[in-house]
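*Asks:* What follows is start-v5.cif, made up of mmCIF, C-alpha atoms:
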```cif
data_data
loop_
_atom_site.label_atom_id
_atom_site.label_comp_id
_atom_site.auth_asym_id
_atom_site.auth_seq_id
_atom_site.Cartn_x
_atom_site.Cartn_y
_atom_site.Cartn_z
CA MET A 28 -6.78 -3.54 21.71
CA ALA A 29 -8.28 -2.99 18.25
CA TYR A 30 -11.84 -1.65 18.18
CA GLY A 31 -14.47 -2.08 15.50
CA LYS A 32 -14.99 0.74 13.00
CA SER A 33 -18.08 1.79 11.08
CA ILE A 34 -17.59 3.11 7.53
CA GLU A 35 -20.35 4.67 5.45
CA LEU A 36 -19.99 4.52 1.67
CA PHE A 37 -22.22 6.74 -0.47
CA LEU A 38 -22.34 6.03 -4.21
CA VAL A 39 -23.16 9.55 -5.37
CA ASN A 40 -24.29 8.54 -8.86
CA GLY A 41 -25.59 5.10 -7.90
CA THR A 42 -22.63 3.12 -9.21
CA ALA A 43 -19.33 1.96 -7.71
CA ASP A 44 -17.49 3.07 -10.87
CA SER A 45 -18.32 6.73 -10.26
CA LEU A 46 -17.95 9.20 -7.39
CA ILE A 47 -17.82 7.61 -3.92
CA ILE A 48 -17.86 9.36 -0.55
CA ALA A 49 -16.44 7.38 2.38
CA GLU A 50 -16.82 8.50 5.99
CA LEU A 51 -15.64 6.99 9.25
CA SER A 52 -17.77 7.08 12.37
CA ASN A 53 -16.88 9.87 14.85
CA TRP A 54 -14.47 11.62 12.45
CA ASN A 55 -14.98 14.96 10.74
CA GLY A 56 -12.81 14.02 7.76
CA LYS A 57 -13.96 12.21 4.64
CA ALA A 58 -12.61 10.47 1.55
CA ILE A 59 -13.74 11.32 -1.97
CA LYS A 60 -12.91 8.75 -4.64
CA ILE A 61 -13.33 10.20 -8.12
CA PRO A 62 -12.46 8.84 -11.59
CA ARG A 63 -10.21 10.95 -13.77
CA ILE A 64 -12.95 11.46 -16.36
CA GLU A 65 -15.27 13.06 -13.77
CA VAL A 66 -12.86 15.56 -12.21
CA SER A 67 -13.44 18.51 -14.56
CA SER A 68 -17.22 18.30 -14.40
CA CYS A 69 -17.46 17.69 -10.63
CA ASP A 70 -19.19 20.66 -9.00
CA ARG A 71 -19.12 19.53 -5.35
CA ASP A 72 -18.07 22.18 -2.85
CA ASP A 73 -16.16 19.73 -0.66
CA ILE A 74 -13.67 18.83 -3.40
CA THR A 75 -12.63 22.50 -3.56
CA GLN A 76 -11.46 22.45 0.08
CA ALA A 77 -7.91 22.02 1.40
CA GLY A 78 -6.75 18.43 1.54
CA VAL A 79 -4.37 15.72 0.45
CA TYR A 80 -4.87 13.45 -2.54
CA PHE A 81 -3.62 10.20 -4.05
CA LEU A 82 -3.46 9.70 -7.83
CA PHE A 83 -3.39 6.00 -8.71
CA CYS A 84 -1.64 4.84 -11.88
CA LYS A 85 -0.72 1.65 -13.70
CA GLU A 86 2.78 1.35 -15.15
CA ASP A 87 3.43 -0.29 -18.54
CA ASP A 88 4.60 -3.49 -16.83
CA GLY A 89 1.37 -3.73 -14.81
CA SER A 90 2.86 -2.52 -11.53
CA ASP A 91 1.15 0.12 -9.39
CA SER A 92 2.30 3.68 -8.84
CA VAL A 93 0.89 6.66 -6.96
CA TYR A 94 1.37 10.40 -6.83
CA ILE A 95 0.64 11.93 -3.41
CA GLY A 96 0.03 15.66 -3.17
CA GLU A 97 -1.64 18.47 -1.24
CA ALA A 98 -3.58 21.57 -2.21
CA GLU A 99 -5.62 24.34 -0.64
CA ASN A 100 -8.16 23.78 -3.43
CA VAL A 101 -7.97 20.12 -4.38
CA LYS A 102 -10.14 20.32 -7.51
CA GLU A 103 -8.05 23.14 -8.98
CA ARG A 104 -4.90 21.07 -8.39
CA LEU A 105 -6.40 17.94 -9.97
CA VAL A 106 -7.47 19.93 -13.03
CA GLN A 107 -3.92 21.30 -13.24
CA HIS A 108 -2.62 17.71 -13.27
CA LEU A 109 -4.90 17.03 -16.26
CA ARG A 110 -3.60 20.13 -18.06
CA ASP A 111 0.02 19.23 -17.32
CA TYR A 112 -0.48 15.76 -18.84
CA GLN A 113 -2.09 17.24 -21.94
CA ALA A 114 0.85 19.65 -22.25
CA GLU A 115 3.25 16.69 -21.78
CA LYS A 116 4.66 18.22 -18.58
CA GLU A 117 3.68 15.05 -16.69
CA LYS A 118 4.52 11.60 -18.01
CA TYR A 119 2.35 9.46 -15.72
CA TYR A 120 -1.33 8.79 -16.39
CA TRP A 121 -3.65 8.32 -13.43
CA ASN A 122 -7.13 6.82 -13.60
CA THR A 123 -8.48 7.51 -10.12
CA ALA A 124 -8.00 10.16 -7.47
CA VAL A 125 -8.74 9.62 -3.78
CA VAL A 126 -9.03 12.91 -1.91
CA PHE A 127 -9.05 13.42 1.87
CA ILE A 128 -10.45 16.59 3.37
CA GLY A 129 -11.19 17.59 6.96
CA ARG A 130 -12.46 20.46 9.01
CA ASP A 131 -9.92 23.23 9.71
CA LEU A 132 -7.19 21.86 7.44
CA ASN A 133 -4.78 24.56 6.29
CA LYS A 134 -1.56 24.81 4.29
CA VAL A 135 0.67 23.91 7.23
CA LEU A 136 -1.37 20.83 8.14
CA ILE A 137 -1.73 19.47 4.61
CA ARG A 138 2.01 19.88 4.03
CA TYR A 139 2.60 17.80 7.14
CA LEU A 140 0.11 15.16 5.95
CA GLU A 141 1.61 14.97 2.46
CA ASN A 142 5.09 14.41 3.87
CA ARG A 143 3.83 11.71 6.25
CA PHE A 144 1.89 9.86 3.56
CA VAL A 145 4.81 9.90 1.13
CA LYS A 146 7.10 8.44 3.82
CA ILE A 147 4.59 5.74 4.80
CA ALA A 148 3.91 4.78 1.17
CA ARG A 149 7.63 4.51 0.40
CA ASN A 150 8.23 2.38 3.49
CA SER A 151 5.29 0.10 2.60
CA LYS A 152 6.84 -0.52 -0.85
CA ARG A 153 3.59 -1.62 -2.46
CA TYR A 154 3.46 1.26 -4.95
CA LEU A 155 6.09 3.22 -6.80
CA VAL A 156 5.77 6.71 -5.28
CA LEU A 157 5.95 9.36 -8.01
CA THR A 158 6.08 12.36 -5.67
CA LYS A 159 9.58 13.83 -5.85
CA ASN A 160 9.69 16.43 -3.09
CA THR A 161 7.66 17.26 0.01
CA TYR A 162 7.82 20.10 2.52
CA ARG A 163 9.73 18.63 5.49
CA ASN A 164 10.23 21.64 7.75
CA THR A 165 6.68 22.14 8.96
CA VAL A 166 6.60 23.82 12.39
CA MET A 167 3.58 22.69 14.40
CA LYS A 168 2.36 22.53 17.98
CA GLU A 169 2.43 19.20 19.77
CA SER A 170 -1.37 19.24 19.90
CA GLN A 171 -1.59 19.77 16.12
CA ILE A 172 0.74 16.86 15.47
CA ALA A 173 -1.42 14.61 17.66
CA VAL A 174 -4.55 15.56 15.73
CA MET A 175 -2.84 15.03 12.37
CA GLU A 176 -1.49 11.62 13.43
CA GLU A 177 -5.06 10.60 14.20
CA PHE A 178 -5.96 11.90 10.73
CA VAL A 179 -3.22 9.69 9.26
CA ASP A 180 -4.57 6.61 11.07
CA ASN A 181 -8.09 7.28 9.80
CA VAL A 182 -6.88 7.78 6.24
CA LYS A 183 -5.12 4.41 6.44
CA ILE A 184 -8.42 2.75 7.34
CA LEU A 185 -10.49 4.49 4.65
CA ILE A 186 -8.04 4.16 1.78
CA ASN A 187 -7.62 0.47 2.56
CA ALA A 188 -11.40 0.02 2.63
CA LEU A 189 -11.59 1.69 -0.79
CA GLY A 190 -9.25 -0.99 -2.16
CA TYR A 191 -5.86 0.73 -2.05
CA LYS A 192 -3.26 -0.76 0.30
CA VAL A 193 -0.74 1.95 -0.49
CA LEU A 194 -0.14 2.72 3.21
CA GLU A 195 -0.11 -0.87 4.51
CA PRO A 196 3.05 -2.95 5.00
CA PHE A 197 2.95 -6.49 3.59
CA ALA A 198 3.38 -8.12 6.99
CA GLN A 199 0.45 -6.41 8.66
CA VAL A 200 -0.80 -8.37 11.69
CA VAL A 201 -4.53 -8.80 11.20
CA SER A 202 -5.74 -10.26 14.48
CA SER A 203 -4.24 -10.45 17.94
CA THR A 204 -6.02 -13.79 18.43
CA SER A 205 -4.66 -15.44 15.28
CA THR A 206 -1.87 -17.92 15.94
CA VAL A 207 -0.79 -18.27 12.30
CA ASP A 208 -0.66 -14.49 11.69
CA ASP A 209 1.74 -14.04 14.61
CA GLU A 210 3.94 -17.05 13.79
CA LEU A 211 7.30 -16.53 12.08
CA LEU A 212 8.16 -19.41 9.76
CA PHE A 213 11.50 -20.55 8.38
CA ILE A 214 13.15 -22.63 5.66
CA THR A 215 16.78 -23.63 6.15
CA SER A 216 18.19 -25.87 3.44
CA GLY A 217 21.66 -25.69 1.88
CA SER A 218 22.31 -22.06 1.05
CA VAL A 219 18.67 -21.11 1.66
CA ASN A 220 17.90 -19.21 4.84
CA ALA A 221 14.35 -17.85 4.60
CA THR A 222 11.94 -16.19 7.00
CA GLY A 223 8.26 -15.65 6.24
CA LYS A 224 4.79 -15.24 7.61
CA VAL A 225 1.16 -15.93 6.74
CA THR A 226 -0.88 -12.76 6.23
CA ALA A 227 -4.44 -11.96 5.19
CA GLU A 228 -3.23 -11.47 1.60
CA GLY A 229 -1.07 -14.56 1.21
CA PHE A 230 2.45 -15.30 2.38
CA VAL A 231 5.24 -12.76 2.89
CA VAL A 232 8.93 -13.59 2.51
CA PHE A 233 10.87 -11.10 4.61
CA ALA A 234 13.80 -8.94 3.58
CA GLY A 235 17.13 -10.59 4.33
CA THR A 236 16.11 -14.02 3.03
CA MET A 237 18.87 -15.97 1.27
CA VAL A 238 17.49 -17.62 -1.90
CA ASN A 239 18.79 -20.61 -3.83
CA GLU A 240 20.39 -19.48 -7.09
CA LYS A 241 19.57 -22.66 -9.04
CA THR A 242 16.20 -23.34 -10.64
CA SER A 243 14.80 -26.81 -11.34
CA ALA A 244 13.18 -26.47 -14.75
CA LYS A 245 11.66 -29.94 -14.40
CA SER A 246 9.68 -29.36 -11.22
CA LEU A 247 9.13 -25.61 -11.19
CA SER A 248 6.22 -24.14 -13.16
CA ALA A 249 6.96 -21.85 -16.09
CA GLY A 250 5.21 -19.02 -14.25
CA MET A 251 7.40 -19.37 -11.17
CA GLN A 252 10.55 -19.62 -13.29
CA LYS A 253 9.58 -16.34 -14.96
CA LEU A 254 8.75 -14.71 -11.62
CA ARG A 255 12.07 -15.79 -10.09
CA GLN A 256 13.99 -14.31 -12.99
CA LYS A 257 11.98 -11.08 -12.80
CA LEU A 258 12.65 -10.72 -9.07
CA PHE A 259 16.34 -11.61 -9.47
CA ASN A 260 16.64 -8.77 -11.99
CA SER A 261 14.76 -6.27 -9.81
CA ASP A 262 15.86 -4.07 -6.93
CA LYS A 263 14.02 -6.44 -4.57
CA MET A 264 17.02 -8.79 -4.73
CA ASN A 265 20.71 -8.19 -4.16
CA ASN A 266 23.23 -11.03 -4.46
CA LEU A 267 20.51 -13.68 -3.89
CA ILE A 268 19.26 -11.87 -0.77
CA THR A 269 15.83 -10.20 -0.67
CA SER A 270 16.20 -6.49 0.00
CA GLU A 271 12.54 -5.97 0.89
CA ASP A 272 9.47 -7.96 1.92
CA ILE A 273 7.87 -9.85 -1.01
CA LEU A 274 4.25 -11.01 -1.07
CA PHE A 275 3.29 -14.37 -2.63
CA SER A 276 -0.13 -15.87 -3.22
CA SER A 277 0.53 -18.89 -1.00
CA SER A 278 3.11 -20.56 1.24
CA SER A 279 3.87 -23.02 -1.57
CA ALA A 280 4.60 -20.23 -4.05
CA ALA A 281 6.88 -18.60 -1.48
CA ALA A 282 8.70 -21.89 -0.82
CA ASP A 283 9.10 -22.58 -4.55
CA PHE A 284 10.63 -19.13 -4.97
CA VAL A 285 13.23 -19.43 -2.22
CA LEU A 286 14.18 -23.07 -3.00
CA GLY A 287 14.04 -23.02 -6.79
CA TYR A 288 12.04 -26.25 -7.02
CA SER A 289 8.47 -27.30 -6.32
CA VAL A 290 7.52 -28.25 -2.76
CA SER A 291 4.54 -28.20 -0.42
CA GLY A 292 4.65 -24.90 1.43
CA PRO A 293 2.55 -26.07 4.41
CA ARG A 294 4.97 -28.99 4.93
CA THR A 295 8.17 -27.02 4.25
CA TRP A 296 7.75 -23.81 6.24
CA LYS A 297 8.42 -24.47 9.93
CA SER A 298 8.20 -22.52 13.15
CA LYS A 299 11.18 -21.97 15.41
CA ASP A 300 10.24 -25.04 17.47
CA GLY A 301 10.01 -27.28 14.39
CA ARG A 302 6.26 -27.39 13.80
CA THR A 303 5.23 -27.23 10.14
CA LEU A 304 2.73 -24.67 8.90
CA LYS A 305 0.40 -27.60 8.18
CA GLU A 306 0.53 -28.65 11.84
CA ILE A 307 -0.08 -25.09 13.04
CA GLU A 308 -3.07 -24.62 10.73
CA SER A 309 -4.48 -28.06 11.62
CA LYS A 310 -4.37 -27.20 15.31
CA GLN A 311 -6.33 -24.00 14.63
CA THR A 312 -9.18 -25.92 13.01
CA ASP A 313 -9.38 -28.67 15.64
#
```
Go through the file and emit its structure as structure tokens.
*Replies:*
Amino acid sequence: MAYGKSIELFLVNGTADSLIIAELSNWNGKAIKIPRIEVSSCDRDDITQAGVYFLFCKEDDGSDSVYIGEAENVKERLVQHLRDYQAEKEKYYWNTAVVFIGRDLNKVLIRYLENRFVKIARNSKRYLVLTKNTYRNTVMKESQIAVMEEFVDNVKILINALGYKVLEPFAQVVSSTSTVDDELLFITSGSVNATGKVTAEGFVVFAGTMVNEKTSAKSLSAGMQKLRQKLFNSDKMNNLITSEDILFSSSSAAADFVLGYSVSGPRTWKSKDGRTLKEIESKQTD
């Protein structure tokens, strides 16, 4: 059973565009969200503690990327990132850092956390992960691992609340009482064999979906034609089969993508027993 959580956000300088402290009820850790331009001048003691950090970047094509790291003095490490970029030792440019600190964190524990977060972020496939290597041979007690796994779960909550879904899979189930969220939906037509699901963010087409190669220029919007071509040329597709989960804004956009022509998503996606998404949603609002 999922329980409610209370998060306290403190806008240190009175604006959401500046330093933000985020804390979760009954947890001794905290998140510190800080813009790049404020790192050097920040004189808070907590940012000089041991912790893990996420550096959020935008690639030239508009896609998201992140560098995940650890340090015994986070501020010193962030300042070093700034120096490395100025010296052209680093090619990526980050705008925002989100730092996580906690009581009694040490080098062993933050190495463990860094490795875990890099793995989770790569598996989620929302961001390009820029971190190349992590320390994988951390020796820890069973009790320490349990505490750090709780730390990981709390970081997932806080970083999501701060607007970064870097650790969340696309097909996250939002509510155990939601029929649509738990319903797998299918399209089977000709060569198309697609599986998808409604989520809180839109509609996810799952990895392993077979997509129609042909595109109907007459019925498909120019935007969808461009998106199909972009995805076909990416590593998200392999021989007309999706190699990872892909998020779309709506069920109709997802259906247009897999079929190659314009259709009504609510009428086209069907459950295993033949009910359309429209029928399922209508029943929920009765």
*Asks:* Pull out every residue that the PyMOL selection byres ((chain A and resi 296) around 10) matches in the shown coordinates and put them as a VMD selection string.
*Replies:* chain A and resid 211 to 215 221 to 224 278 to 279 281 to 282 291 to 295 297 to 299 301 to 305
*Asks:* Could you pull the residues within 10 Å of Arg149 in chain A, counting all atoms listed in the file, minus those fewer than 6 positions along the same chain, as number ranges by chain?
*Replies:* A: 155-157, 193-194, 196
*Asks:* Pick from A:Asn55, A:Asn164, A:Thr158, A:Ser151: nearest to Ile128 in chain A, with only C-alpha atoms counted?
*Replies:*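 Using only C-alpha atoms, the shortest distance to Ile128 in chain A belongs to A:Asn55.
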*Asks:* In Å to one decimal, how far is CA of Asp272 in chain A from CA of Thr123 in chain A?
*Replies:* 26.6 Å
*Asks:* Within 7 Å of (-17.8, 9.4, -9.0) in the file's own coordinates, which protein, DNA or RNA residues have an atom, counting only C-alpha atoms? List them as a list of chain:residue names.
*Replies:* A:Val39, A:Asn40, A:Asp44, A:Ser45, A:Leu46, A:Ile47, A:Lys60, A:Ile61, A:Pro62, A:Glu65
*Asks:* With C-alpha atoms retained, write the just-selected residues as a PDB file, in the coordinates of the input.
*Replies:*
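The result, written out as out_13.pdb:
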```pdb
ATOM      1  CA  VAL A  39     -23.160   9.550  -5.370  1.00  0.00           C
ATOM      2  CA  ASN A  40     -24.290   8.540  -8.860  1.00  0.00           C
ATOM      3  CA  ASP A  44     -17.490   3.070 -10.870  1.00  0.00           C
ATOM      4  CA  SER A  45     -18.320   6.730 -10.260  1.00  0.00           C
ATOM      5  CA  LEU A  46     -17.950   9.200  -7.390  1.00  0.00           C
ATOM      6  CA  ILE A  47     -17.820   7.610  -3.920  1.00  0.00           C
ATOM      7  CA  LYS A  60     -12.910   8.750  -4.640  1.00  0.00           C
ATOM      8  CA  ILE A  61     -13.330  10.200  -8.120  1.00  0.00           C
ATOM      9  CA  PRO A  62     -12.460   8.840 -11.590  1.00  0.00           C
ATOM     10  CA  GLU A  65     -15.270  13.060 -13.770  1.00  0.00           C
TER      11      GLU A  65
END
```
*Asks:* Could you please determine the separation between CA of Ala188 in chain A and CA of Gly41 in chain A in Å, to one decimal place?
*Replies:* 18.4 Å
*Asks:* Please report the interatomic distance between CA of Tyr120 in chain A and CA of Lys85 in chain A in Å with one decimal.
*Replies:*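 These two atoms are separated by 7.7 Å.
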*Asks:* Apply the PyMOL selection byres ((chain A and resi 230) around 6) to the structure shown and report the selected residues as a ChimeraX atom specification.
*Replies:* /A:224-226,229,231,274-275,277-278
*Asks:* Neighbours of Leu109 in chain A within 12 Å (all atoms listed in the file; same-chain residues fewer than 5 positions away dropped), as a list in words?
*Replies:*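 Neighbouring residues, sequence-local ones excluded: Arg63, Ile64, Glu65, Val66, Ser67, Leu82, Lys102, Glu103, Arg104, Ala114, Glu115, Lys116, Glu117, Lys118, Tyr119, Tyr120, Trp121, Asn122, Thr123 and Ala124 of chain A.
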*Asks:* Which is closer to Gly287 in chain A than all the others in A:Ile48, A:Glu308, A:Ala244, A:Asn260, using only C-alpha atoms?
*Replies:*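 Checking each candidate against Gly287 in chain A, we get A:Ala244 as the closest.
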*Asks:* Considering all atoms listed in the file, state which residue in the set A:Met237, A:Val232, A:Val290, A:Val101 is at the smallest distance from Ser276 in chain A.
*Replies:*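 Using all atoms listed in the file, Ser276 in chain A sits closest to A:Val232.
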*Asks:* Just want the 12 Å neighbourhood of range 265-267 of chain A, counted on all atoms listed in the file, with same-chain residues fewer than 3 positions away dropped. Output as a ChimeraX atom specification.
*Replies:* /A:218-221,234-241,255-256,258-262,270-271,284-287
*Asks:* Once the PyMOL selection byres ((chain A and resi 129) around 9) is applied to the coordinates I shared, what remains selected? I want it as a list of chain:residue names.
*Replies:*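 Written out, the selection comes to A:Trp54, A:Asn55, A:Gly56, A:Lys57, A:Gln76, A:Ala77, A:Gly78, A:Phe127, A:Ile128, A:Arg130, A:Asp131, A:Leu132, A:Phe178.
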*Asks:* Kindly indicate which residue among A:Ser216, A:Ser90, A:Ser170, A:Thr242 lies nearest to Arg153 in chain A, using all atoms listed in the file for the distances.
*Replies:*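 Under the stated criterion, the closest residue is A:Ser90.
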*Asks:* From the list A:Asn181, A:Ser289, A:Arg143, A:Arg110, which residue is nearest Asn53 in chain A when using all atoms listed in the file?
*Replies:*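 Counting all atoms listed in the file, the residue closest to Asn53 in chain A is A:Asn181.
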*Asks:* Counting all atoms listed in the file, which of A:Ile307, A:Met175, A:Leu247, A:Ala148 gets nearest to Ser92 in chain A?
*Replies:*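 The shortest atom-to-atom distance to Ser92 in chain A comes from A:Ala148.
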*Asks:* From the block I gave, I'd like range 117-146 of chain A written with N, CA and C atoms, as an mmCIF file, in the first residue's frame.
*Replies:*
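Dumped everything to part.cif:
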```cif
data_model
loop_
_atom_site.group_PDB
_atom_site.id
_atom_site.type_symbol
_atom_site.label_atom_id
_atom_site.label_comp_id
_atom_site.auth_asym_id
_atom_site.auth_seq_id
_atom_site.Cartn_x
_atom_site.Cartn_y
_atom_site.Cartn_z
ATOM 1 N N GLU A 117 35.582 19.391 -19.991
ATOM 2 C CA GLU A 117 34.232 18.841 -20.074
ATOM 3 C C GLU A 117 33.502 19.506 -21.227
ATOM 4 N N LYS A 118 32.760 18.705 -21.994
ATOM 5 C CA LYS A 118 32.066 19.219 -23.165
ATOM 6 C C LYS A 118 30.613 19.588 -22.878
ATOM 7 N N TYR A 119 30.026 18.978 -21.849
ATOM 8 C CA TYR A 119 28.611 19.224 -21.567
ATOM 9 C C TYR A 119 28.456 20.465 -20.692
ATOM 10 N N TYR A 120 27.303 21.138 -20.877
ATOM 11 C CA TYR A 120 27.014 22.346 -20.107
ATOM 12 C C TYR A 120 25.741 22.118 -19.312
ATOM 13 N N TRP A 121 25.841 22.153 -18.006
ATOM 14 C CA TRP A 121 24.668 21.961 -17.153
ATOM 15 C C TRP A 121 24.180 23.300 -16.614
ATOM 16 N N ASN A 122 22.858 23.383 -16.435
ATOM 17 C CA ASN A 122 22.246 24.607 -15.934
ATOM 18 C C ASN A 122 21.880 24.527 -14.457
ATOM 19 N N THR A 123 21.540 23.314 -14.004
ATOM 20 C CA THR A 123 21.037 23.144 -12.645
ATOM 21 C C THR A 123 21.660 21.919 -12.005
ATOM 22 N N ALA A 124 21.993 22.046 -10.732
ATOM 23 C CA ALA A 124 22.459 20.907 -9.953
ATOM 24 C C ALA A 124 21.426 20.599 -8.869
ATOM 25 N N VAL A 125 21.157 19.316 -8.663
ATOM 26 C CA VAL A 125 20.328 18.885 -7.540
ATOM 27 C C VAL A 125 21.189 17.971 -6.677
ATOM 28 N N VAL A 126 21.415 18.407 -5.443
ATOM 29 C CA VAL A 126 22.325 17.733 -4.524
ATOM 30 C C VAL A 126 21.512 17.030 -3.438
ATOM 31 N N PHE A 127 21.949 15.836 -3.054
ATOM 32 C CA PHE A 127 21.312 15.112 -1.953
ATOM 33 C C PHE A 127 22.360 14.806 -0.885
ATOM 34 N N ILE A 128 22.073 15.260 0.316
ATOM 35 C CA ILE A 128 22.964 15.013 1.445
ATOM 36 C C ILE A 128 22.163 14.308 2.534
ATOM 37 N N GLY A 129 22.856 13.725 3.489
ATOM 38 C CA GLY A 129 22.195 13.030 4.584
ATOM 39 C C GLY A 129 23.154 12.823 5.732
ATOM 40 N N ARG A 130 22.602 12.657 6.896
ATOM 41 C CA ARG A 130 23.427 12.467 8.081
ATOM 42 C C ARG A 130 24.241 11.178 7.983
ATOM 43 N N ASP A 131 25.512 11.258 8.334
ATOM 44 C CA ASP A 131 26.413 10.102 8.412
ATOM 45 C C ASP A 131 26.796 9.514 7.055
ATOM 46 N N LEU A 132 26.576 10.235 5.977
ATOM 47 C CA LEU A 132 27.057 9.744 4.679
ATOM 48 C C LEU A 132 28.580 9.811 4.644
ATOM 49 N N ASN A 133 29.194 8.782 4.061
ATOM 50 C CA ASN A 133 30.649 8.762 3.920
ATOM 51 C C ASN A 133 31.010 8.288 2.513
ATOM 52 N N LYS A 134 32.292 8.160 2.250
ATOM 53 C CA LYS A 134 32.741 7.833 0.889
ATOM 54 C C LYS A 134 32.171 6.506 0.402
ATOM 55 N N VAL A 135 32.150 5.518 1.268
ATOM 56 C CA VAL A 135 31.622 4.205 0.875
ATOM 57 C C VAL A 135 30.149 4.306 0.491
ATOM 58 N N LEU A 136 29.372 5.007 1.305
ATOM 59 C CA LEU A 136 27.927 5.093 1.068
ATOM 60 C C LEU A 136 27.601 5.917 -0.182
ATOM 61 N N ILE A 137 28.310 7.017 -0.394
ATOM 62 C CA ILE A 137 27.991 7.838 -1.571
ATOM 63 C C ILE A 137 28.454 7.157 -2.865
ATOM 64 N N ARG A 138 29.483 6.335 -2.782
ATOM 65 C CA ARG A 138 29.860 5.546 -3.966
ATOM 66 C C ARG A 138 28.759 4.552 -4.316
ATOM 67 N N TYR A 139 28.207 3.935 -3.291
ATOM 68 C CA TYR A 139 27.101 2.993 -3.498
ATOM 69 C C TYR A 139 25.909 3.717 -4.119
ATOM 70 N N LEU A 140 25.570 4.890 -3.583
ATOM 71 C CA LEU A 140 24.427 5.654 -4.090
ATOM 72 C C LEU A 140 24.645 6.093 -5.536
ATOM 73 N N GLU A 141 25.833 6.584 -5.837
ATOM 74 C CA GLU A 141 26.119 7.013 -7.212
ATOM 75 C C GLU A 141 25.902 5.867 -8.189
ATOM 76 N N ASN A 142 26.447 4.705 -7.866
ATOM 77 C CA ASN A 142 26.310 3.544 -8.744
ATOM 78 C C ASN A 142 24.843 3.156 -8.932
ATOM 79 N N ARG A 143 24.070 3.192 -7.855
ATOM 80 C CA ARG A 143 22.652 2.848 -7.928
ATOM 81 C C ARG A 143 21.891 3.844 -8.794
ATOM 82 N N PHE A 144 22.156 5.129 -8.594
ATOM 83 C CA PHE A 144 21.421 6.139 -9.353
ATOM 84 C C PHE A 144 21.764 6.099 -10.841
ATOM 85 N N VAL A 145 23.010 5.839 -11.162
ATOM 86 C CA VAL A 145 23.397 5.725 -12.571
ATOM 87 C C VAL A 145 22.674 4.550 -13.222
ATOM 88 N N LYS A 146 22.614 3.415 -12.532
ATOM 89 C CA LYS A 146 21.916 2.239 -13.064
ATOM 90 C C LYS A 146 20.432 2.527 -13.267
#
```
